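As provided, upload12.cif (mmCIF, C-alpha atoms) reads as follows.
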data_my_file
loop_
_atom_site.label_atom_id
_atom_site.label_comp_id
_atom_site.auth_asym_id
_atom_site.auth_seq_id
_atom_site.Cartn_x
_atom_site.Cartn_y
_atom_site.Cartn_z
CA MET A 15 0.00 0.00 0.00
CA ALA A 16 2.90 2.36 0.76
CA ALA A 17 4.19 1.87 -2.79
CA ALA A 18 0.74 2.46 -4.28
CA ALA A 19 0.39 5.72 -2.37
CA GLY A 20 4.01 6.78 -2.96
CA VAL A 21 4.73 7.23 0.76
CA SER A 22 6.57 5.44 3.54
CA THR A 23 5.05 2.59 5.55
CA ALA A 24 5.23 4.84 8.64
CA THR A 25 3.10 7.47 6.91
CA VAL A 26 0.55 4.82 5.92
CA SER A 27 0.39 3.64 9.53
CA HIS A 28 -0.05 7.17 10.87
CA VAL A 29 -2.85 7.96 8.42
CA LEU A 30 -4.80 4.71 8.76
CA ASN A 31 -4.55 4.75 12.54
CA ARG A 32 -5.46 8.47 12.68
CA VAL A 33 -2.39 9.28 14.75
CA GLU A 34 -2.58 12.88 15.94
CA GLY A 35 0.25 15.39 15.92
CA LYS A 36 1.90 14.16 12.71
CA ARG A 37 2.58 16.73 10.02
CA ILE A 38 1.01 14.98 7.07
CA SER A 39 -0.61 17.06 4.36
CA GLU A 40 -4.23 16.57 3.44
CA GLU A 41 -3.19 15.66 -0.10
CA THR A 42 -0.97 12.85 1.22
CA ARG A 43 -3.72 11.59 3.51
CA GLN A 44 -6.14 11.44 0.59
CA ARG A 45 -3.61 9.45 -1.48
CA VAL A 46 -3.24 6.92 1.34
CA TRP A 47 -6.99 6.51 1.77
CA LYS A 48 -7.48 6.22 -2.00
CA ALA A 49 -4.84 3.48 -2.17
CA ALA A 50 -6.46 1.71 0.78
CA ASP A 51 -9.82 1.83 -0.95
CA GLU A 52 -8.46 0.55 -4.26
CA LEU A 53 -6.64 -2.32 -2.51
CA GLY A 54 -9.69 -3.24 -0.45
CA TYR A 55 -7.95 -2.52 2.83
CA ALA A 56 -10.03 -3.10 5.98
CA PRO A 57 -8.45 -2.00 9.28
CA ASN A 58 -8.01 -4.64 11.96
CA GLY A 59 -9.80 -3.01 14.87
CA LEU A 60 -8.62 -5.56 17.41
CA ALA A 61 -4.98 -5.20 16.44
CA ARG A 62 -5.25 -1.40 16.40
CA GLY A 63 -6.88 -1.50 19.83
CA LEU A 64 -4.00 -3.53 21.22
CA ARG A 65 -1.52 -0.96 19.84
CA THR A 66 -3.39 2.17 20.88
CA GLN A 67 -5.05 0.83 24.05
CA ARG A 68 -8.35 2.12 22.66
CA SER A 69 -11.32 0.04 21.53
CA GLN A 70 -12.96 2.77 19.40
CA THR A 71 -16.25 2.01 21.17
CA ILE A 72 -18.44 4.04 23.54
CA GLY A 73 -20.97 2.61 25.95
CA PHE A 74 -24.44 4.17 26.18
CA VAL A 75 -26.27 3.11 29.35
CA SER A 76 -29.87 4.31 29.68
CA ASP A 77 -32.94 3.51 31.74
CA GLU A 78 -35.81 3.68 29.21
CA ILE A 79 -34.59 5.88 26.35
CA ALA A 80 -34.22 3.09 23.78
CA THR A 81 -37.84 2.00 24.23
CA THR A 82 -39.32 5.49 23.95
CA PRO A 83 -39.61 7.26 20.57
CA HIS A 84 -39.89 10.62 22.35
CA ALA A 85 -36.29 10.57 23.56
CA GLY A 86 -34.80 8.34 20.88
CA ARG A 87 -33.15 11.29 19.15
CA MET A 88 -30.69 11.39 22.05
CA ILE A 89 -29.38 8.05 20.88
CA LEU A 90 -29.34 9.20 17.27
CA GLY A 91 -27.38 12.34 18.15
CA ALA A 92 -24.83 10.32 20.11
CA GLN A 93 -24.58 7.64 17.45
CA GLU A 94 -24.00 10.05 14.57
CA ALA A 95 -21.48 12.10 16.56
CA ALA A 96 -19.61 8.90 17.47
CA ALA A 97 -19.67 7.62 13.87
CA ALA A 98 -18.21 10.92 12.65
CA GLU A 99 -15.19 10.17 14.85
CA GLY A 100 -14.90 6.54 13.70
CA LEU A 101 -16.42 5.22 16.93
CA VAL A 102 -19.12 2.63 17.55
CA LEU A 103 -21.88 3.15 20.13
CA LEU A 104 -22.79 0.12 22.25
CA LEU A 105 -26.31 0.65 23.60
CA VAL A 106 -27.72 -0.88 26.77
CA ASN A 107 -31.29 -0.22 27.96
CA THR A 108 -31.81 -1.31 31.58
CA SER A 109 -35.53 -0.43 32.07
CA GLY A 110 -34.56 0.82 35.53
CA ASP A 111 -33.46 -2.67 36.67
CA ALA A 112 -30.48 -2.19 39.04
CA GLU A 113 -29.13 -5.71 38.55
CA LEU A 114 -29.39 -5.47 34.77
CA GLU A 115 -27.58 -2.12 34.93
CA ARG A 116 -24.78 -3.64 37.00
CA THR A 117 -24.23 -6.61 34.69
CA SER A 118 -24.51 -4.40 31.60
CA ILE A 119 -21.87 -1.99 32.85
CA ASP A 120 -19.61 -4.94 33.69
CA MET A 121 -20.08 -6.21 30.13
CA LEU A 122 -19.17 -2.84 28.63
CA LEU A 123 -16.06 -2.54 30.79
CA GLN A 124 -14.97 -6.08 29.88
CA ARG A 125 -15.12 -4.97 26.26
CA GLN A 126 -12.83 -2.08 27.20
CA VAL A 127 -15.06 0.74 25.97
CA ASP A 128 -13.21 4.05 25.77
CA GLY A 129 -15.89 5.77 27.85
CA VAL A 130 -19.53 5.69 28.85
CA LEU A 131 -22.55 7.94 28.40
CA TYR A 132 -24.82 7.44 31.42
CA ALA A 133 -28.23 8.68 30.29
CA ALA A 134 -31.61 9.24 31.94
CA MET A 135 -35.08 9.31 30.40
CA TYR A 136 -35.90 12.55 32.21
CA HIS A 137 -33.74 15.25 33.76
CA ARG A 138 -32.97 14.14 37.30
CA ILE A 139 -30.16 13.82 39.83
CA VAL A 140 -28.39 10.45 39.74
CA THR A 141 -25.62 8.67 41.60
CA LEU A 142 -22.93 7.38 39.27
CA PRO A 143 -22.48 3.60 39.68
CA GLU A 144 -19.27 2.75 41.50
CA ALA A 145 -18.09 0.62 38.58
CA LEU A 146 -17.88 3.76 36.42
CA GLN A 147 -15.88 5.85 38.88
CA ALA A 148 -12.58 5.01 37.15
CA THR A 149 -13.95 5.19 33.58
CA PRO A 150 -14.41 8.40 31.54
CA THR A 151 -18.14 9.06 31.91
CA VAL A 152 -20.52 11.84 30.92
CA LEU A 153 -24.04 12.18 32.31
CA LEU A 154 -26.72 12.76 29.69
CA ASP A 155 -30.02 14.40 30.68
CA ALA A 156 -28.97 13.91 34.28
CA GLY A 157 -26.99 15.74 36.94
CA SER A 158 -24.85 14.69 39.88
CA PRO A 159 -23.97 16.19 43.26
CA ASP A 160 -20.34 15.46 42.31
CA PRO A 161 -18.96 18.56 40.51
CA ALA A 162 -16.23 16.47 38.89
CA ILE A 163 -18.67 14.50 36.72
CA PRO A 164 -19.39 16.17 33.35
CA SER A 165 -23.00 16.43 32.22
CA VAL A 166 -25.17 17.64 29.35
CA VAL A 167 -28.73 18.70 30.21
CA PRO A 168 -31.48 20.93 28.83
CA ASP A 169 -31.65 24.49 30.15
CA GLU A 170 -34.94 24.07 31.98
CA VAL A 171 -35.03 27.65 33.28
CA GLN A 172 -34.52 29.11 29.81
CA GLY A 173 -37.15 26.73 28.39
CA GLY A 174 -39.75 27.73 30.97
CA TYR A 175 -38.95 31.38 30.35
CA VAL A 176 -39.37 30.98 26.57
CA ALA A 177 -42.75 29.29 26.98
CA VAL A 178 -44.18 31.92 29.31
CA ARG A 179 -42.64 34.76 27.32
CA GLU A 180 -44.59 33.50 24.30
CA LEU A 181 -47.82 33.79 26.26
CA ILE A 182 -46.93 37.23 27.62
CA ASP A 183 -46.02 38.45 24.14
CA HIS A 184 -49.56 37.52 23.04
CA GLY A 185 -50.99 39.72 25.78
CA HIS A 186 -51.61 37.23 28.60
CA HIS A 187 -51.12 38.32 32.20
CA ARG A 188 -53.08 35.69 34.10
CA ILE A 189 -51.09 32.57 33.29
CA GLY A 190 -51.67 29.27 35.07
CA VAL A 191 -49.18 26.43 35.41
CA THR A 192 -49.87 22.70 35.60
CA VAL A 193 -47.11 20.55 37.11
CA GLN A 194 -46.58 17.29 38.91
CA THR A 195 -45.61 17.17 42.58
CA VAL A 196 -42.35 15.20 42.15
CA ASP A 197 -39.23 17.21 43.03
CA LEU A 198 -37.19 17.20 39.80
CA PRO A 199 -34.68 19.58 38.20
CA ALA A 200 -37.01 19.78 35.19
CA ARG A 201 -40.02 20.80 37.29
CA ASN A 202 -38.11 23.25 39.46
CA GLY A 203 -36.24 24.81 36.55
CA ARG A 204 -39.36 25.34 34.43
CA LEU A 205 -41.16 26.95 37.36
CA GLU A 206 -38.15 29.22 37.88
CA GLY A 207 -38.34 30.21 34.21
CA TYR A 208 -42.06 30.93 34.66
CA ARG A 209 -41.41 33.28 37.56
CA LYS A 210 -38.49 34.91 35.74
CA ALA A 211 -40.68 35.75 32.72
CA LEU A 212 -43.43 37.14 34.94
CA ALA A 213 -41.00 39.31 36.91
CA GLU A 214 -39.42 40.67 33.74
CA ALA A 215 -42.87 41.67 32.46
CA GLY A 216 -43.85 43.26 35.78
CA ILE A 217 -46.52 40.63 36.50
CA ALA A 218 -46.90 39.63 40.14
CA TYR A 219 -46.44 35.94 40.93
CA ASP A 220 -49.69 34.37 42.19
CA PRO A 221 -49.22 30.93 43.83
CA SER A 222 -52.91 30.16 43.33
CA LEU A 223 -52.20 29.91 39.60
CA VAL A 224 -49.80 26.97 40.11
CA ALA A 225 -51.68 23.65 40.18
CA ALA A 226 -49.60 20.63 41.21
CA GLU A 227 -51.08 17.14 40.99
CA THR A 228 -49.66 13.70 41.78
CA ALA A 229 -49.64 11.23 38.93
CA VAL A 230 -51.57 7.97 39.38
CA PRO A 231 -49.80 5.57 39.36
CA PHE A 232 -47.09 7.54 41.11
CA ASN A 233 -44.31 6.14 38.92
CA THR A 234 -45.62 8.12 35.94
CA VAL A 235 -42.82 10.59 36.53
CA GLY A 236 -43.27 13.99 34.95
CA GLY A 237 -47.03 13.85 34.67
CA ASP A 238 -49.46 12.32 32.20
CA VAL A 239 -52.76 13.22 30.54
CA ASP A 240 -54.89 12.54 33.61
CA THR A 241 -52.53 14.55 35.84
CA GLY A 242 -52.77 17.47 33.44
CA TYR A 243 -56.54 17.15 33.22
CA ARG A 244 -56.99 17.33 36.99
CA ALA A 245 -54.60 20.26 37.39
CA ALA A 246 -56.10 22.22 34.49
CA ARG A 247 -59.69 21.63 35.60
CA ARG A 248 -58.82 22.95 39.06
CA LEU A 249 -57.48 26.17 37.54
CA LEU A 250 -60.22 26.57 34.94
CA THR A 251 -63.07 26.23 37.43
CA ALA A 252 -61.66 28.89 39.79
CA ASP A 253 -63.55 32.16 40.25
CA GLN A 254 -60.89 33.98 38.24
CA ARG A 255 -59.62 31.47 35.73
CA PRO A 256 -56.39 31.99 33.80
CA THR A 257 -56.47 33.01 30.15
CA ALA A 258 -53.48 30.80 29.37
CA LEU A 259 -51.83 27.64 30.69
CA PHE A 260 -48.17 26.68 30.72
CA CYS A 261 -48.08 22.89 31.10
CA PHE A 262 -45.10 20.97 32.46
CA ASN A 263 -45.08 18.69 29.43
CA ASP A 264 -47.08 17.92 26.30
CA ARG A 265 -49.02 15.04 27.87
CA MET A 266 -50.24 17.31 30.64
CA ALA A 267 -51.16 19.84 27.96
CA ALA A 268 -53.29 17.16 26.28
CA GLY A 269 -55.07 16.79 29.62
CA ALA A 270 -55.67 20.54 29.66
CA TYR A 271 -57.31 20.23 26.21
CA ARG A 272 -59.71 17.66 27.65
CA ALA A 273 -60.55 19.85 30.65
CA ALA A 274 -61.14 22.86 28.40
CA ALA A 275 -63.45 20.86 26.13
CA GLU A 276 -65.52 19.64 29.08
CA LEU A 277 -65.95 23.23 30.26
CA GLY A 278 -66.91 24.52 26.82
CA LEU A 279 -63.69 26.53 26.35
CA SER A 280 -62.17 26.76 22.89
CA ILE A 281 -58.41 26.73 22.26
CA PRO A 282 -57.01 29.28 21.56
CA GLY A 283 -60.12 31.49 21.43
CA ASP A 284 -60.95 31.19 25.14
CA LEU A 285 -57.73 29.65 26.42
CA SER A 286 -54.16 29.54 25.16
CA VAL A 287 -52.09 26.45 25.98
CA ILE A 288 -48.37 25.79 25.64
CA GLY A 289 -46.51 22.59 26.51
CA PHE A 290 -42.95 21.40 26.87
CA ASP A 291 -40.91 18.57 25.23
CA ASN A 292 -42.26 18.69 21.64
CA GLN A 293 -43.54 15.13 21.61
CA GLU A 294 -44.75 15.24 18.03
CA LEU A 295 -47.19 12.34 18.46
CA VAL A 296 -48.97 14.42 21.09
CA CYS A 297 -48.51 17.93 19.68
CA GLU A 298 -49.75 17.09 16.20
CA SER A 299 -52.61 14.84 17.26
CA VAL A 300 -54.55 17.47 19.23
CA HIS A 301 -56.61 20.22 17.63
CA PRO A 302 -55.43 22.86 17.25
CA GLN A 303 -51.85 21.59 17.17
CA LEU A 304 -49.95 22.36 20.36
CA SER A 305 -47.35 25.10 20.68
CA THR A 306 -44.52 23.85 22.86
CA VAL A 307 -40.83 24.05 23.74
CA GLN A 308 -38.36 21.61 22.19
CA LEU A 309 -36.16 19.42 24.36
CA PRO A 310 -32.85 19.34 22.42
CA HIS A 311 -32.45 15.57 22.58
CA TYR A 312 -30.36 15.19 19.42
CA GLU A 313 -28.04 18.04 20.35
CA MET A 314 -27.61 16.68 23.89
CA GLY A 315 -26.55 13.28 22.56
CA ALA A 316 -24.03 14.83 20.19
CA ARG A 317 -22.60 17.19 22.82
CA ALA A 318 -22.25 14.33 25.33
CA VAL A 319 -20.07 12.47 22.84
CA ALA A 320 -17.94 15.59 22.36
CA GLN A 321 -17.55 15.87 26.14
CA LEU A 322 -16.58 12.22 26.39
CA LEU A 323 -13.98 12.51 23.63
CA ALA A 324 -12.44 15.48 25.43
CA LEU A 325 -12.22 13.35 28.56
CA THR A 326 -10.59 10.40 26.82
CA LYS A 327 -8.02 12.64 25.13
CA THR A 328 -7.11 14.46 28.35
CA PRO A 329 -7.64 11.99 31.21
CA GLY A 330 -7.89 13.53 34.63
CA ARG A 331 -8.68 17.04 33.40
CA PRO A 332 -10.16 19.15 36.21
CA PRO A 333 -13.87 20.02 36.00
CA GLY A 334 -14.76 23.47 34.73
CA PRO A 335 -17.81 25.41 33.60
CA ASP A 336 -17.55 23.83 30.16
CA THR A 337 -18.11 20.35 31.61
CA LYS A 338 -21.60 21.21 32.90
CA GLU A 339 -23.44 22.06 29.70
CA LYS A 340 -26.99 23.39 29.53
CA LEU A 341 -28.44 23.43 26.04
CA PRO A 342 -31.18 25.90 25.04
CA CYS A 343 -34.75 24.73 24.47
CA PRO A 344 -36.27 26.52 21.45
CA LEU A 345 -39.90 27.50 21.01
CA VAL A 346 -41.99 25.48 18.54
CA ALA A 347 -44.96 27.71 17.68
CA ARG A 348 -48.07 26.02 16.33
CA ALA A 349 -51.72 27.06 16.75
CA SER A 350 -52.65 26.82 20.42
CA VAL A 351 -51.60 30.33 21.47
CA ALA A 352 -53.49 33.55 20.64
CA SER A 353 -54.40 36.85 22.27
CA PRO A 354 -56.55 36.51 25.41
CA PRO A 355 -60.33 36.88 25.25
CA ARG A 356 -62.09 39.77 26.93
CA LEU A 357 -63.42 38.26 30.15
#

Go ahead and render the structure in this file as structure tokens.
Amino acid sequence: MAAAAGVSTATVSHVLNRVEGKRISEETRQRVWKAADELGYAPNGLARGLRTQRSQTIGFVSDEIATTPHAGRMILGAQEAAAAEGLVLLLVNTSGDAELERTSIDMLLQRQVDGVLYAAMYHRIVTLPEALQATPTVLLDAGSPDPAIPSVVPDEVQGGYVAVRELIDHGHHRIGVTVQTVDLPARNGRLEGYRKALAEAGIAYDPSLVAAETAVPFNTVGGDVDTGYRAARRLLTADQRPTALFCFNDRMAAGAYRAAAELGLSIPGDLSVIGFDNQELVCESVHPQLSTVQLPHYEMGARAVAQLLALTKTPGRPPGPDTKEKLPCPLVARASVASPPRL
């Protein structure tokens, strides 16, 4: 192959093994890859791994992400970012089973993965498994009390602010919120964004406009349609009902649609509604289609891979502000928000 490319065997080795720090021109690299292609060269990953002490694989450990189309773009973002770097993503879905998680992590470590993405279905605080303490690991859609563990999460405060700002910009001042009672970074951050938007607009915070309900069954974390229905109905049957609702997620917003219909309120003529997550199966199945805020699942997966690569290239680097990333949540405007009615 060296003769076909007109270079030394050392140059061929450096190019094919993607050795960094070597001064090899792009033209020379292209000649080597062209020769490899013409000769049908296939790199021996096992042999390269033995030489470089890297397996070119990344583990992706999740609770329920792989079985949920809503969050599947996190996997896609991580997979495509890994593939762009010549890496393979090994996916494990544990369904929240602690024993399955333990054996799965052991399996990944036995295969000498270069690092692990430890991902959660919803933004929450987690404890990193002890088996991963000595392995480069990035938390995805999860945080940790340990400041040394890198993480990539959505900016919940900014997302809540964007949602409520959309309602305020349409002229709403009496804005209700439907949330679940579980103490989560997502819930707390979105409520903080709600209050921030109100304060910026000079609107006084009214705790009576925040309706928190417990999901049944309780393990429906984040809230579902019934939770949203109960919370919305409580707000909409008050003496002074809100003209708009900011719902913790799109499923709770679907519950608000049901409550509004029962009470003879049209959306958005009588009531504006905005959700969070951009679950397209929900947002596009209700009428009118639901305005919401996008969780940046794809971008989070891709950024987590970038964080992990930085860790593997500079082991032991101290944590800094760049290792705790919060990605913005953009507005997705559809048809459920309009100016308030004259009550």

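In this comparison, which uses all atoms listed in the file, the residue of A:Gln303, A:Pro282, A:Pro168, A:Leu277 approaching Ala347 in chain A most closely is A:Gln303.
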
Glu180 in chain A surroundings by only C-alpha atoms, 9 Å radius, close-in-sequence under 5 positions cut, as a count of residues only: 5

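Evaluated against the shown file, the PyMOL selection byres ((chain A and resi 190-206) around 6) gives His137, Arg138, Glu170, Val171, Gly174, Ile189, Gly207, Tyr208, Arg209, Leu223, Val224, Ala225, Ala226, Glu227, Thr228, Gly237, Ala245, Pro256, Leu259, Phe260, Cys261 and Phe262 of chain A.
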
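Distance check against Leu142 in chain A using all atoms listed in the file: of A:Ala95, A:Val75, A:Ala267, A:Ala316, the minimum falls on A:Val75.
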
Find, counting only C-alpha atoms, the residue in A:Asn263, A:Thr328, A:Ser22, A:Thr257 that gets nearest to Tyr136 in chain A. A:Asn263

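Minimum atom-to-atom distances from A:Pro355, A:Asp264, A:Leu325, A:Ser109 to Leu279 in chain A were compared using all atoms listed in the file, and the lowest value belongs to A:Pro355.
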
Residues within 9 Å of Leu101 in chain A, please, as a PDB file with C-alpha atoms, keeping the file's coordinate frame. Count all atoms listed in the file; anything in the same chain fewer than 3 positions from it doesn't count.
ATOM      1  CA  SER A  69     -11.320   0.040  21.530  1.00  0.00           C
ATOM      2  CA  GLN A  70     -12.960   2.770  19.400  1.00  0.00           C
ATOM      3  CA  THR A  71     -16.250   2.010  21.170  1.00  0.00           C
ATOM      4  CA  ILE A  72     -18.440   4.040  23.540  1.00  0.00           C
ATOM      5  CA  GLN A  93     -24.580   7.640  17.450  1.00  0.00           C
ATOM      6  CA  ALA A  95     -21.480  12.100  16.560  1.00  0.00           C
ATOM      7  CA  ALA A  96     -19.610   8.900  17.470  1.00  0.00           C
ATOM      8  CA  ALA A  97     -19.670   7.620  13.870  1.00  0.00           C
ATOM      9  CA  ALA A  98     -18.210  10.920  12.650  1.00  0.00           C
TER      10      ALA A  98
END

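CA of Pro310 in chain A sits 22.8 Å away from CA of Gly110 in chain A.
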
Separation of CA of Phe74 in chain A from CA of Leu295 in chain A in Å: 25.4 Å

Of the candidates A:Arg179, A:His187, A:Arg348, A:Lys327, which shows the shortest atom-to-atom distance to Lys210 in chain A, using only C-alpha atoms? A:Arg179

Residues of range 261-353 of chain A that approach range 150-156 of chain A to 12 Å or less, counting only C-alpha atoms: could you list each one with the shortest pair of atoms and its distance in Å to one decimal, rows by chain and increasing residue number, as a tab-separated table?
residue	atom	partner	partner_atom	distance
A:Leu309	CA	A:Asp155	CA	10.1
A:Pro310	CA	A:Asp155	CA	10.0
A:His311	CA	A:Asp155	CA	8.5
A:Tyr312	CA	A:Leu154	CA	11.2
A:Glu313	CA	A:Leu154	CA	10.8
A:Met314	CA	A:Leu154	CA	7.1
A:Gly315	CA	A:Leu154	CA	7.2
A:Ala316	CA	A:Leu154	CA	10.1
A:Arg317	CA	A:Leu154	CA	9.2
A:Ala318	CA	A:Val152	CA	6.4
A:Val319	CA	A:Val152	CA	8.1
A:Ala320	CA	A:Val152	CA	9.7
A:Gln321	CA	A:Val152	CA	6.9
A:Leu322	CA	A:Val152	CA	6.0
A:Leu323	CA	A:Pro150	CA	8.9
A:Ala324	CA	A:Pro150	CA	9.6
A:Leu325	CA	A:Pro150	CA	6.2
A:Thr326	CA	A:Pro150	CA	6.4
A:Lys327	CA	A:Pro150	CA	10.0
A:Thr328	CA	A:Pro150	CA	10.0
A:Pro329	CA	A:Pro150	CA	7.7
A:Gly330	CA	A:Pro150	CA	8.9
A:Arg331	CA	A:Pro150	CA	10.5
A:Pro333	CA	A:Val152	CA	11.7
A:Thr337	CA	A:Val152	CA	8.9
A:Lys338	CA	A:Leu153	CA	9.4
A:Glu339	CA	A:Leu154	CA	9.9
A:Lys340	CA	A:Asp155	CA	9.6
A:Leu341	CA	A:Asp155	CA	10.3

Any chance you can output those residues with C-alpha atoms as a PDB file, keeping the file's coordinate frame?
ATOM      1  CA  LEU A 309     -36.160  19.420  24.360  1.00  0.00           C
ATOM      2  CA  PRO A 310     -32.850  19.340  22.420  1.00  0.00           C
ATOM      3  CA  HIS A 311     -32.450  15.570  22.580  1.00  0.00           C
ATOM      4  CA  TYR A 312     -30.360  15.190  19.420  1.00  0.00           C
ATOM      5  CA  GLU A 313     -28.040  18.040  20.350  1.00  0.00           C
ATOM      6  CA  MET A 314     -27.610  16.680  23.890  1.00  0.00           C
ATOM      7  CA  GLY A 315     -26.550  13.280  22.560  1.00  0.00           C
ATOM      8  CA  ALA A 316     -24.030  14.830  20.190  1.00  0.00           C
ATOM      9  CA  ARG A 317     -22.600  17.190  22.820  1.00  0.00           C
ATOM     10  CA  ALA A 318     -22.250  14.330  25.330  1.00  0.00           C
ATOM     11  CA  VAL A 319     -20.070  12.470  22.840  1.00  0.00           C
ATOM     12  CA  ALA A 320     -17.940  15.590  22.360  1.00  0.00           C
ATOM     13  CA  GLN A 321     -17.550  15.870  26.140  1.00  0.00           C
ATOM     14  CA  LEU A 322     -16.580  12.220  26.390  1.00  0.00           C
ATOM     15  CA  LEU A 323     -13.980  12.510  23.630  1.00  0.00           C
ATOM     16  CA  ALA A 324     -12.440  15.480  25.430  1.00  0.00           C
ATOM     17  CA  LEU A 325     -12.220  13.350  28.560  1.00  0.00           C
ATOM     18  CA  THR A 326     -10.590  10.400  26.820  1.00  0.00           C
ATOM     19  CA  LYS A 327      -8.020  12.640  25.130  1.00  0.00           C
ATOM     20  CA  THR A 328      -7.110  14.460  28.350  1.00  0.00           C
ATOM     21  CA  PRO A 329      -7.640  11.990  31.210  1.00  0.00           C
ATOM     22  CA  GLY A 330      -7.890  13.530  34.630  1.00  0.00           C
ATOM     23  CA  ARG A 331      -8.680  17.040  33.400  1.00  0.00           C
ATOM     24  CA  PRO A 333     -13.870  20.020  36.000  1.00  0.00           C
ATOM     25  CA  THR A 337     -18.110  20.350  31.610  1.00  0.00           C
ATOM     26  CA  LYS A 338     -21.600  21.210  32.900  1.00  0.00           C
ATOM     27  CA  GLU A 339     -23.440  22.060  29.700  1.00  0.00           C
ATOM     28  CA  LYS A 340     -26.990  23.390  29.530  1.00  0.00           C
ATOM     29  CA  LEU A 341     -28.440  23.430  26.040  1.00  0.00           C
TER      30      LEU A 341
END

Please write the residues picked by the PyMOL selection byres ((chain A and resi 271) around 9) on this file as an mmCIF file with C-alpha atoms, in the frame of the given file.
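Result saved to selection_9.cif:
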data_model
loop_
_atom_site.group_PDB
_atom_site.id
_atom_site.type_symbol
_atom_site.label_atom_id
_atom_site.label_comp_id
_atom_site.auth_asym_id
_atom_site.auth_seq_id
_atom_site.Cartn_x
_atom_site.Cartn_y
_atom_site.Cartn_z
ATOM 1 C CA GLY A 242 -52.770 17.470 33.440
ATOM 2 C CA TYR A 243 -56.540 17.150 33.220
ATOM 3 C CA ALA A 246 -56.100 22.220 34.490
ATOM 4 C CA MET A 266 -50.240 17.310 30.640
ATOM 5 C CA ALA A 267 -51.160 19.840 27.960
ATOM 6 C CA ALA A 268 -53.290 17.160 26.280
ATOM 7 C CA GLY A 269 -55.070 16.790 29.620
ATOM 8 C CA ALA A 270 -55.670 20.540 29.660
ATOM 9 C CA ARG A 272 -59.710 17.660 27.650
ATOM 10 C CA ALA A 273 -60.550 19.850 30.650
ATOM 11 C CA ALA A 274 -61.140 22.860 28.400
ATOM 12 C CA ALA A 275 -63.450 20.860 26.130
ATOM 13 C CA GLU A 276 -65.520 19.640 29.080
ATOM 14 C CA LEU A 279 -63.690 26.530 26.350
ATOM 15 C CA SER A 280 -62.170 26.760 22.890
ATOM 16 C CA ILE A 281 -58.410 26.730 22.260
ATOM 17 C CA VAL A 287 -52.090 26.450 25.980
ATOM 18 C CA VAL A 300 -54.550 17.470 19.230
ATOM 19 C CA HIS A 301 -56.610 20.220 17.630
#

So the first atom is CA of Phe290 in chain A and the second is CA of Val239 in chain A; what is the distance between them in Å, to one decimal place? 13.3 Å

Distance cut-off 8 Å, centre (-17.8, -5.0, 40.3) in file coordinates, counting all atoms listed in the file: which residues qualify? Return them as an MDAnalysis selection string. chainID A and resid 116 120 144:145
